[in-house]
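Visitor: For reference, the file protein.cif (mmCIF, N, CA and C atoms) is included below:
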data_entry
#
loop_
_atom_site.label_atom_id
_atom_site.label_comp_id
_atom_site.auth_asym_id
_atom_site.auth_seq_id
_atom_site.Cartn_x
_atom_site.Cartn_y
_atom_site.Cartn_z
N ASP A 1 3.35 -11.68 18.09
CA ASP A 1 4.10 -10.67 18.82
C ASP A 1 4.01 -9.30 18.16
N GLY A 2 3.80 -9.27 16.85
CA GLY A 2 3.80 -8.01 16.12
C GLY A 2 2.48 -7.27 16.13
N GLY A 3 1.48 -7.79 16.82
CA GLY A 3 0.19 -7.12 16.84
C GLY A 3 -0.71 -7.61 15.73
N GLY A 4 -1.68 -6.78 15.38
CA GLY A 4 -2.69 -7.16 14.40
C GLY A 4 -2.39 -6.72 13.00
N ALA A 5 -1.12 -6.57 12.64
CA ALA A 5 -0.77 -6.12 11.29
C ALA A 5 0.42 -6.91 10.77
N LEU A 6 0.46 -7.04 9.45
CA LEU A 6 1.59 -7.67 8.77
C LEU A 6 2.44 -6.59 8.14
N TRP A 7 3.75 -6.78 8.15
CA TRP A 7 4.66 -5.91 7.41
C TRP A 7 4.92 -6.59 6.08
N VAL A 8 4.61 -5.91 5.01
CA VAL A 8 4.75 -6.47 3.67
C VAL A 8 5.79 -5.68 2.90
N GLU A 9 6.80 -6.38 2.39
CA GLU A 9 7.83 -5.72 1.59
C GLU A 9 7.37 -5.62 0.14
N LEU A 10 7.53 -4.43 -0.43
CA LEU A 10 7.17 -4.18 -1.82
C LEU A 10 8.46 -4.11 -2.63
N PRO A 11 8.83 -5.18 -3.31
CA PRO A 11 10.12 -5.19 -4.01
C PRO A 11 10.18 -4.15 -5.12
N GLY A 12 11.12 -3.22 -4.97
CA GLY A 12 11.37 -2.22 -6.00
C GLY A 12 10.33 -1.11 -6.09
N VAL A 13 9.47 -1.00 -5.08
CA VAL A 13 8.40 0.02 -5.13
C VAL A 13 8.41 0.82 -3.83
N ASP A 14 8.34 2.12 -3.96
CA ASP A 14 8.24 3.00 -2.79
C ASP A 14 6.83 2.87 -2.19
N ALA A 15 6.76 2.64 -0.90
CA ALA A 15 5.48 2.41 -0.23
C ALA A 15 4.58 3.64 -0.27
N MET A 16 5.15 4.83 -0.23
CA MET A 16 4.32 6.05 -0.30
C MET A 16 3.61 6.11 -1.66
N ALA A 17 4.33 5.78 -2.71
CA ALA A 17 3.73 5.78 -4.05
C ALA A 17 2.66 4.70 -4.14
N PHE A 18 2.96 3.51 -3.61
CA PHE A 18 1.96 2.43 -3.65
C PHE A 18 0.72 2.81 -2.86
N ALA A 19 0.90 3.47 -1.73
CA ALA A 19 -0.24 3.87 -0.91
C ALA A 19 -1.17 4.79 -1.69
N GLN A 20 -0.62 5.67 -2.51
CA GLN A 20 -1.45 6.56 -3.33
C GLN A 20 -2.24 5.77 -4.37
N VAL A 21 -1.61 4.78 -4.97
CA VAL A 21 -2.30 3.94 -5.94
C VAL A 21 -3.37 3.10 -5.24
N ALA A 22 -3.05 2.56 -4.09
CA ALA A 22 -4.01 1.73 -3.34
C ALA A 22 -5.26 2.53 -2.98
N VAL A 23 -5.10 3.79 -2.63
CA VAL A 23 -6.25 4.64 -2.30
C VAL A 23 -7.20 4.74 -3.50
N ARG A 24 -6.63 4.83 -4.69
CA ARG A 24 -7.48 4.90 -5.88
C ARG A 24 -8.27 3.61 -6.08
N HIS A 25 -7.82 2.54 -5.44
CA HIS A 25 -8.53 1.25 -5.50
C HIS A 25 -9.35 1.01 -4.24
N GLY A 26 -9.50 2.05 -3.42
CA GLY A 26 -10.37 1.98 -2.25
C GLY A 26 -9.77 1.37 -1.01
N VAL A 27 -8.43 1.34 -0.92
CA VAL A 27 -7.77 0.76 0.25
C VAL A 27 -6.74 1.75 0.79
N ASP A 28 -6.85 2.05 2.07
CA ASP A 28 -5.83 2.87 2.74
C ASP A 28 -4.81 1.93 3.36
N VAL A 29 -3.54 2.12 3.00
CA VAL A 29 -2.46 1.35 3.62
C VAL A 29 -1.50 2.33 4.28
N VAL A 30 -0.79 1.85 5.27
CA VAL A 30 0.16 2.69 5.99
C VAL A 30 1.57 2.38 5.49
N PRO A 31 2.24 3.36 4.87
CA PRO A 31 3.63 3.13 4.46
C PRO A 31 4.50 2.90 5.68
N GLY A 32 5.43 1.98 5.56
CA GLY A 32 6.28 1.62 6.69
C GLY A 32 7.07 2.77 7.27
N ALA A 33 7.51 3.70 6.42
CA ALA A 33 8.31 4.83 6.91
C ALA A 33 7.54 5.68 7.92
N VAL A 34 6.22 5.69 7.81
CA VAL A 34 5.39 6.45 8.75
C VAL A 34 5.45 5.83 10.14
N MET A 35 5.62 4.51 10.20
CA MET A 35 5.62 3.79 11.47
C MET A 35 7.02 3.57 12.04
N ASP A 36 8.04 3.91 11.28
CA ASP A 36 9.42 3.69 11.71
C ASP A 36 10.00 5.01 12.19
N PRO A 37 10.40 5.10 13.48
CA PRO A 37 10.91 6.37 14.00
C PRO A 37 12.16 6.87 13.26
N ASP A 38 12.88 5.96 12.60
CA ASP A 38 14.06 6.37 11.83
C ASP A 38 13.74 6.64 10.37
N GLY A 39 12.47 6.47 9.97
CA GLY A 39 12.07 6.71 8.59
C GLY A 39 12.44 5.58 7.65
N GLY A 40 12.86 4.46 8.19
CA GLY A 40 13.20 3.31 7.36
C GLY A 40 11.97 2.59 6.86
N HIS A 41 12.16 1.46 6.29
CA HIS A 41 11.07 0.63 5.76
C HIS A 41 10.27 1.35 4.67
N SER A 42 10.97 2.12 3.84
CA SER A 42 10.28 2.89 2.81
C SER A 42 9.69 2.02 1.71
N ASN A 43 10.04 0.74 1.70
CA ASN A 43 9.45 -0.16 0.71
C ASN A 43 8.57 -1.23 1.39
N HIS A 44 8.00 -0.88 2.54
CA HIS A 44 7.11 -1.77 3.28
C HIS A 44 5.78 -1.07 3.54
N ILE A 45 4.73 -1.86 3.66
CA ILE A 45 3.44 -1.34 4.12
C ILE A 45 2.98 -2.20 5.29
N ARG A 46 2.11 -1.63 6.09
CA ARG A 46 1.50 -2.38 7.19
C ARG A 46 0.07 -2.70 6.80
N LEU A 47 -0.29 -3.96 6.93
CA LEU A 47 -1.64 -4.39 6.61
C LEU A 47 -2.27 -5.06 7.83
N PRO A 48 -3.40 -4.53 8.29
CA PRO A 48 -4.08 -5.21 9.39
C PRO A 48 -4.71 -6.51 8.90
N PHE A 49 -4.73 -7.51 9.75
CA PHE A 49 -5.35 -8.77 9.36
C PHE A 49 -6.44 -9.18 10.34
N THR A 50 -7.01 -8.22 11.03
CA THR A 50 -8.04 -8.51 12.03
C THR A 50 -9.45 -8.32 11.49
N PHE A 51 -9.58 -7.98 10.21
CA PHE A 51 -10.91 -7.84 9.61
C PHE A 51 -11.53 -9.21 9.38
N ALA A 52 -12.82 -9.22 9.12
CA ALA A 52 -13.51 -10.46 8.79
C ALA A 52 -12.93 -11.05 7.49
N PRO A 53 -12.96 -12.37 7.35
CA PRO A 53 -12.37 -13.00 6.16
C PRO A 53 -12.88 -12.45 4.84
N GLU A 54 -14.17 -12.16 4.73
CA GLU A 54 -14.69 -11.64 3.47
C GLU A 54 -14.16 -10.23 3.17
N VAL A 55 -13.91 -9.45 4.20
CA VAL A 55 -13.31 -8.12 4.02
C VAL A 55 -11.86 -8.26 3.58
N LEU A 56 -11.14 -9.17 4.22
CA LEU A 56 -9.74 -9.41 3.83
C LEU A 56 -9.64 -9.89 2.39
N ASP A 57 -10.56 -10.75 1.97
CA ASP A 57 -10.56 -11.21 0.58
C ASP A 57 -10.70 -10.05 -0.38
N GLU A 58 -11.63 -9.15 -0.10
CA GLU A 58 -11.83 -7.98 -0.97
C GLU A 58 -10.60 -7.07 -0.95
N LEU A 59 -10.02 -6.87 0.23
CA LEU A 59 -8.83 -6.03 0.32
C LEU A 59 -7.69 -6.61 -0.52
N VAL A 60 -7.51 -7.92 -0.45
CA VAL A 60 -6.45 -8.57 -1.23
C VAL A 60 -6.68 -8.36 -2.72
N HIS A 61 -7.92 -8.50 -3.17
CA HIS A 61 -8.22 -8.29 -4.60
C HIS A 61 -7.93 -6.85 -5.02
N ARG A 62 -8.32 -5.90 -4.18
CA ARG A 62 -8.08 -4.49 -4.51
C ARG A 62 -6.59 -4.17 -4.51
N LEU A 63 -5.86 -4.71 -3.54
CA LEU A 63 -4.42 -4.47 -3.50
C LEU A 63 -3.72 -5.13 -4.68
N ALA A 64 -4.21 -6.26 -5.11
CA ALA A 64 -3.64 -6.93 -6.29
C ALA A 64 -3.83 -6.05 -7.53
N ARG A 65 -5.00 -5.44 -7.66
CA ARG A 65 -5.24 -4.54 -8.79
C ARG A 65 -4.33 -3.31 -8.70
N ALA A 66 -4.15 -2.79 -7.49
CA ALA A 66 -3.25 -1.65 -7.30
C ALA A 66 -1.82 -2.03 -7.66
N TRP A 67 -1.40 -3.23 -7.25
CA TRP A 67 -0.05 -3.70 -7.56
C TRP A 67 0.12 -3.84 -9.07
N SER A 68 -0.88 -4.39 -9.74
CA SER A 68 -0.81 -4.52 -11.20
C SER A 68 -0.67 -3.16 -11.87
N GLU A 69 -1.42 -2.19 -11.36
CA GLU A 69 -1.35 -0.84 -11.94
C GLU A 69 0.03 -0.22 -11.76
N ILE A 70 0.57 -0.29 -10.56
CA ILE A 70 1.86 0.35 -10.32
C ILE A 70 2.98 -0.41 -11.03
N ALA A 71 2.83 -1.72 -11.16
CA ALA A 71 3.84 -2.51 -11.88
C ALA A 71 3.80 -2.20 -13.37
N ARG A 72 2.62 -1.93 -13.88
CA ARG A 72 2.44 -1.68 -15.31
C ARG A 72 2.81 -0.25 -15.68
N HIS A 73 2.38 0.71 -14.86
CA HIS A 73 2.52 2.12 -15.22
C HIS A 73 3.44 2.92 -14.32
N GLY A 74 3.76 2.40 -13.16
CA GLY A 74 4.51 3.17 -12.19
C GLY A 74 3.59 4.16 -11.49
N PRO A 75 4.09 4.85 -10.50
CA PRO A 75 3.24 5.84 -9.81
C PRO A 75 2.96 7.01 -10.73
N ALA A 76 1.86 7.69 -10.48
CA ALA A 76 1.52 8.87 -11.26
C ALA A 76 2.57 9.94 -11.01
N PRO A 77 2.95 10.67 -12.04
CA PRO A 77 3.94 11.73 -11.84
C PRO A 77 3.37 12.83 -10.95
N ALA A 78 4.26 13.48 -10.23
CA ALA A 78 3.84 14.59 -9.37
C ALA A 78 3.32 15.73 -10.24
N VAL A 79 2.29 16.38 -9.77
CA VAL A 79 1.71 17.49 -10.50
C VAL A 79 2.38 18.77 -10.02
N GLN A 80 2.89 19.54 -10.95
CA GLN A 80 3.52 20.80 -10.59
C GLN A 80 2.53 21.94 -10.85
N VAL A 81 2.30 22.74 -9.84
CA VAL A 81 1.38 23.86 -9.96
C VAL A 81 2.21 25.11 -10.22
N VAL A 82 1.87 25.79 -11.30
CA VAL A 82 2.56 27.03 -11.66
C VAL A 82 1.58 28.16 -11.47
N VAL A 83 1.99 29.14 -10.70
CA VAL A 83 1.10 30.26 -10.41
C VAL A 83 1.60 31.49 -11.12
#
How does the structure come out when it is put into structure tokens?
Guide:
Amino acid sequence: DGGGALWVELPGVDAMAFAQVAVRHGVDVVPGAVMDPDGGHSNHIRLPFTFAPEVLDELVHRLARAWSEIARHGPAPAVQVVV
């Protein structure tokens, strides 16, 4: 009923921050707040599951590495530009 994507809860992690880490591992994920008209689901991501099994396997491995990174180091601090 939910379409071709899974909603995944990220315990204790902001989905926007995780999405930035995931990109560094070669995976674009959609933070839940982007898909929620009320801006909720800030600790959820949407993952499509309609790719071929071998693609999904690689995505899972990359997301696992991203999760390990954010769990170990947290998100990268925001860069402040001083002019």
Visitor: To one decimal place in Å, what is the distance between atom N of Arg72 in chain A and atom N of Val34 in chain A?
Guide: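 Straight-line distance from atom N of Arg72 in chain A to atom N of Val34 in chain A works out to 23.3 Å.
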Visitor: Determine, counting all atoms listed in the file, which protein, DNA and RNA residues have an atom within 7 Å of an atom of range 44-47 of chain A; residues of the same chain fewer than 2 positions away are not included. Present the result as a list in words.
Guide: Gly4, Ala5, Leu6, Trp7, Val8, Glu9, Leu10, Val13, Asp14, Ala15, Met16, Val29, Val30, Pro31, Gly32, Ala33, Gly40, His41, Ser42, Phe49 and Thr50 of chain A
Visitor: To test your reading of the structure, identify every residue in chain A that backbone DSSP assigns to strand (DSSP E or B), and report it as a list in words.
Guide: Ala5, Leu6, Trp7, Val8, Glu9, Val30, Pro31, His44, Ile45, Arg46, Leu47 and Pro48 of chain A
Visitor: Choose the residue, out of A:Gln20, A:Gly3, A:Asp36, A:Gly26, that has the smallest atom-to-atom separation from Leu59 in chain A; count all atoms listed in the file.
Guide: A:Gly26
Visitor: Report as number ranges by chain all protein, DNA and RNA residues lying within 7 Å of Arg65 in chain A, evaluated on all atoms listed in the file, omitting residues in the same chain fewer than 5 positions from it.
Guide: A: 25, 60, 70
Visitor: Which is closer to Ala22 in chain A than all the others in A:Asn43, A:Trp67, A:His73, A:Glu54, using only C-alpha atoms?
Guide: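 Using only C-alpha atoms, the shortest distance to Ala22 in chain A belongs to A:Trp67.
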Visitor: How many Å separate atom N of Ala52 in chain A from atom C of Arg24 in chain A?
Guide: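 Value for the atom N of Ala52 in chain A-atom C of Arg24 in chain A distance: 20.4 Å.
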Visitor: I need the residues of chain A that end up classed as helix (DSSP H, G or I) by DSSP on the backbone, written out as a ChimeraX atom specification.
Guide: /A:15-24,32-35,53-73
Visitor: Mind writing the picked residues with N, CA and C atoms as an mmCIF file, in the frame of the given file?
Guide:
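After the write, part_27.cif holds the following:
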data_model
loop_
_atom_site.group_PDB
_atom_site.id
_atom_site.type_symbol
_atom_site.label_atom_id
_atom_site.label_comp_id
_atom_site.auth_asym_id
_atom_site.auth_seq_id
_atom_site.Cartn_x
_atom_site.Cartn_y
_atom_site.Cartn_z
ATOM 1 N N ALA A 15 6.760 2.640 -0.900
ATOM 2 C CA ALA A 15 5.480 2.410 -0.230
ATOM 3 C C ALA A 15 4.580 3.640 -0.270
ATOM 4 N N MET A 16 5.150 4.830 -0.230
ATOM 5 C CA MET A 16 4.320 6.050 -0.300
ATOM 6 C C MET A 16 3.610 6.110 -1.660
ATOM 7 N N ALA A 17 4.330 5.780 -2.710
ATOM 8 C CA ALA A 17 3.730 5.780 -4.050
ATOM 9 C C ALA A 17 2.660 4.700 -4.140
ATOM 10 N N PHE A 18 2.960 3.510 -3.610
ATOM 11 C CA PHE A 18 1.960 2.430 -3.650
ATOM 12 C C PHE A 18 0.720 2.810 -2.860
ATOM 13 N N ALA A 19 0.900 3.470 -1.730
ATOM 14 C CA ALA A 19 -0.240 3.870 -0.910
ATOM 15 C C ALA A 19 -1.170 4.790 -1.690
ATOM 16 N N GLN A 20 -0.620 5.670 -2.510
ATOM 17 C CA GLN A 20 -1.450 6.560 -3.330
ATOM 18 C C GLN A 20 -2.240 5.770 -4.370
ATOM 19 N N VAL A 21 -1.610 4.780 -4.970
ATOM 20 C CA VAL A 21 -2.300 3.940 -5.940
ATOM 21 C C VAL A 21 -3.370 3.100 -5.240
ATOM 22 N N ALA A 22 -3.050 2.560 -4.090
ATOM 23 C CA ALA A 22 -4.010 1.730 -3.340
ATOM 24 C C ALA A 22 -5.260 2.530 -2.980
ATOM 25 N N VAL A 23 -5.100 3.790 -2.630
ATOM 26 C CA VAL A 23 -6.250 4.640 -2.300
ATOM 27 C C VAL A 23 -7.200 4.740 -3.500
ATOM 28 N N ARG A 24 -6.630 4.830 -4.690
ATOM 29 C CA ARG A 24 -7.480 4.900 -5.880
ATOM 30 C C ARG A 24 -8.270 3.610 -6.080
ATOM 31 N N GLY A 32 5.430 1.980 5.560
ATOM 32 C CA GLY A 32 6.280 1.620 6.690
ATOM 33 C C GLY A 32 7.070 2.770 7.270
ATOM 34 N N ALA A 33 7.510 3.700 6.420
ATOM 35 C CA ALA A 33 8.310 4.830 6.910
ATOM 36 C C ALA A 33 7.540 5.680 7.920
ATOM 37 N N VAL A 34 6.220 5.690 7.810
ATOM 38 C CA VAL A 34 5.390 6.450 8.750
ATOM 39 C C VAL A 34 5.450 5.830 10.140
ATOM 40 N N MET A 35 5.620 4.510 10.200
ATOM 41 C CA MET A 35 5.620 3.790 11.470
ATOM 42 C C MET A 35 7.020 3.570 12.040
ATOM 43 N N PRO A 53 -12.960 -12.370 7.350
ATOM 44 C CA PRO A 53 -12.370 -13.000 6.160
ATOM 45 C C PRO A 53 -12.880 -12.450 4.840
ATOM 46 N N GLU A 54 -14.170 -12.160 4.730
ATOM 47 C CA GLU A 54 -14.690 -11.640 3.470
ATOM 48 C C GLU A 54 -14.160 -10.230 3.170
ATOM 49 N N VAL A 55 -13.910 -9.450 4.200
ATOM 50 C CA VAL A 55 -13.310 -8.120 4.020
ATOM 51 C C VAL A 55 -11.860 -8.260 3.580
ATOM 52 N N LEU A 56 -11.140 -9.170 4.220
ATOM 53 C CA LEU A 56 -9.740 -9.410 3.830
ATOM 54 C C LEU A 56 -9.640 -9.890 2.390
ATOM 55 N N ASP A 57 -10.560 -10.750 1.970
ATOM 56 C CA ASP A 57 -10.560 -11.210 0.580
ATOM 57 C C ASP A 57 -10.700 -10.050 -0.380
ATOM 58 N N GLU A 58 -11.630 -9.150 -0.100
ATOM 59 C CA GLU A 58 -11.830 -7.980 -0.970
ATOM 60 C C GLU A 58 -10.600 -7.070 -0.950
ATOM 61 N N LEU A 59 -10.020 -6.870 0.230
ATOM 62 C CA LEU A 59 -8.830 -6.030 0.320
ATOM 63 C C LEU A 59 -7.690 -6.610 -0.520
ATOM 64 N N VAL A 60 -7.510 -7.920 -0.450
ATOM 65 C CA VAL A 60 -6.450 -8.570 -1.230
ATOM 66 C C VAL A 60 -6.680 -8.360 -2.720
ATOM 67 N N HIS A 61 -7.920 -8.500 -3.170
ATOM 68 C CA HIS A 61 -8.220 -8.290 -4.600
ATOM 69 C C HIS A 61 -7.930 -6.850 -5.020
ATOM 70 N N ARG A 62 -8.320 -5.900 -4.180
ATOM 71 C CA ARG A 62 -8.080 -4.490 -4.510
ATOM 72 C C ARG A 62 -6.590 -4.170 -4.510
ATOM 73 N N LEU A 63 -5.860 -4.710 -3.540
ATOM 74 C CA LEU A 63 -4.420 -4.470 -3.500
ATOM 75 C C LEU A 63 -3.720 -5.130 -4.680
ATOM 76 N N ALA A 64 -4.210 -6.260 -5.110
ATOM 77 C CA ALA A 64 -3.640 -6.930 -6.290
ATOM 78 C C ALA A 64 -3.830 -6.050 -7.530
ATOM 79 N N ARG A 65 -5.000 -5.440 -7.660
ATOM 80 C CA ARG A 65 -5.240 -4.540 -8.790
ATOM 81 C C ARG A 65 -4.330 -3.310 -8.700
ATOM 82 N N ALA A 66 -4.150 -2.790 -7.490
ATOM 83 C CA ALA A 66 -3.250 -1.650 -7.300
ATOM 84 C C ALA A 66 -1.820 -2.030 -7.660
ATOM 85 N N TRP A 67 -1.400 -3.230 -7.250
ATOM 86 C CA TRP A 67 -0.050 -3.700 -7.560
ATOM 87 C C TRP A 67 0.120 -3.840 -9.070
ATOM 88 N N SER A 68 -0.880 -4.390 -9.740
ATOM 89 C CA SER A 68 -0.810 -4.520 -11.200
ATOM 90 C C SER A 68 -0.670 -3.160 -11.870
ATOM 91 N N GLU A 69 -1.420 -2.190 -11.360
ATOM 92 C CA GLU A 69 -1.350 -0.840 -11.940
ATOM 93 C C GLU A 69 0.030 -0.220 -11.760
ATOM 94 N N ILE A 70 0.570 -0.290 -10.560
ATOM 95 C CA ILE A 70 1.860 0.350 -10.320
ATOM 96 C C ILE A 70 2.980 -0.410 -11.030
ATOM 97 N N ALA A 71 2.830 -1.720 -11.160
ATOM 98 C CA ALA A 71 3.840 -2.510 -11.880
ATOM 99 C C ALA A 71 3.800 -2.200 -13.370
ATOM 100 N N ARG A 72 2.620 -1.930 -13.880
ATOM 101 C CA ARG A 72 2.440 -1.680 -15.310
ATOM 102 C C ARG A 72 2.810 -0.250 -15.680
ATOM 103 N N HIS A 73 2.380 0.710 -14.860
ATOM 104 C CA HIS A 73 2.520 2.120 -15.220
ATOM 105 C C HIS A 73 3.440 2.920 -14.320
#
Visitor: In Å to one decimal, how far is CA of Ala71 in chain A from CA of Pro11 in chain A?
Guide: 10.4 Å
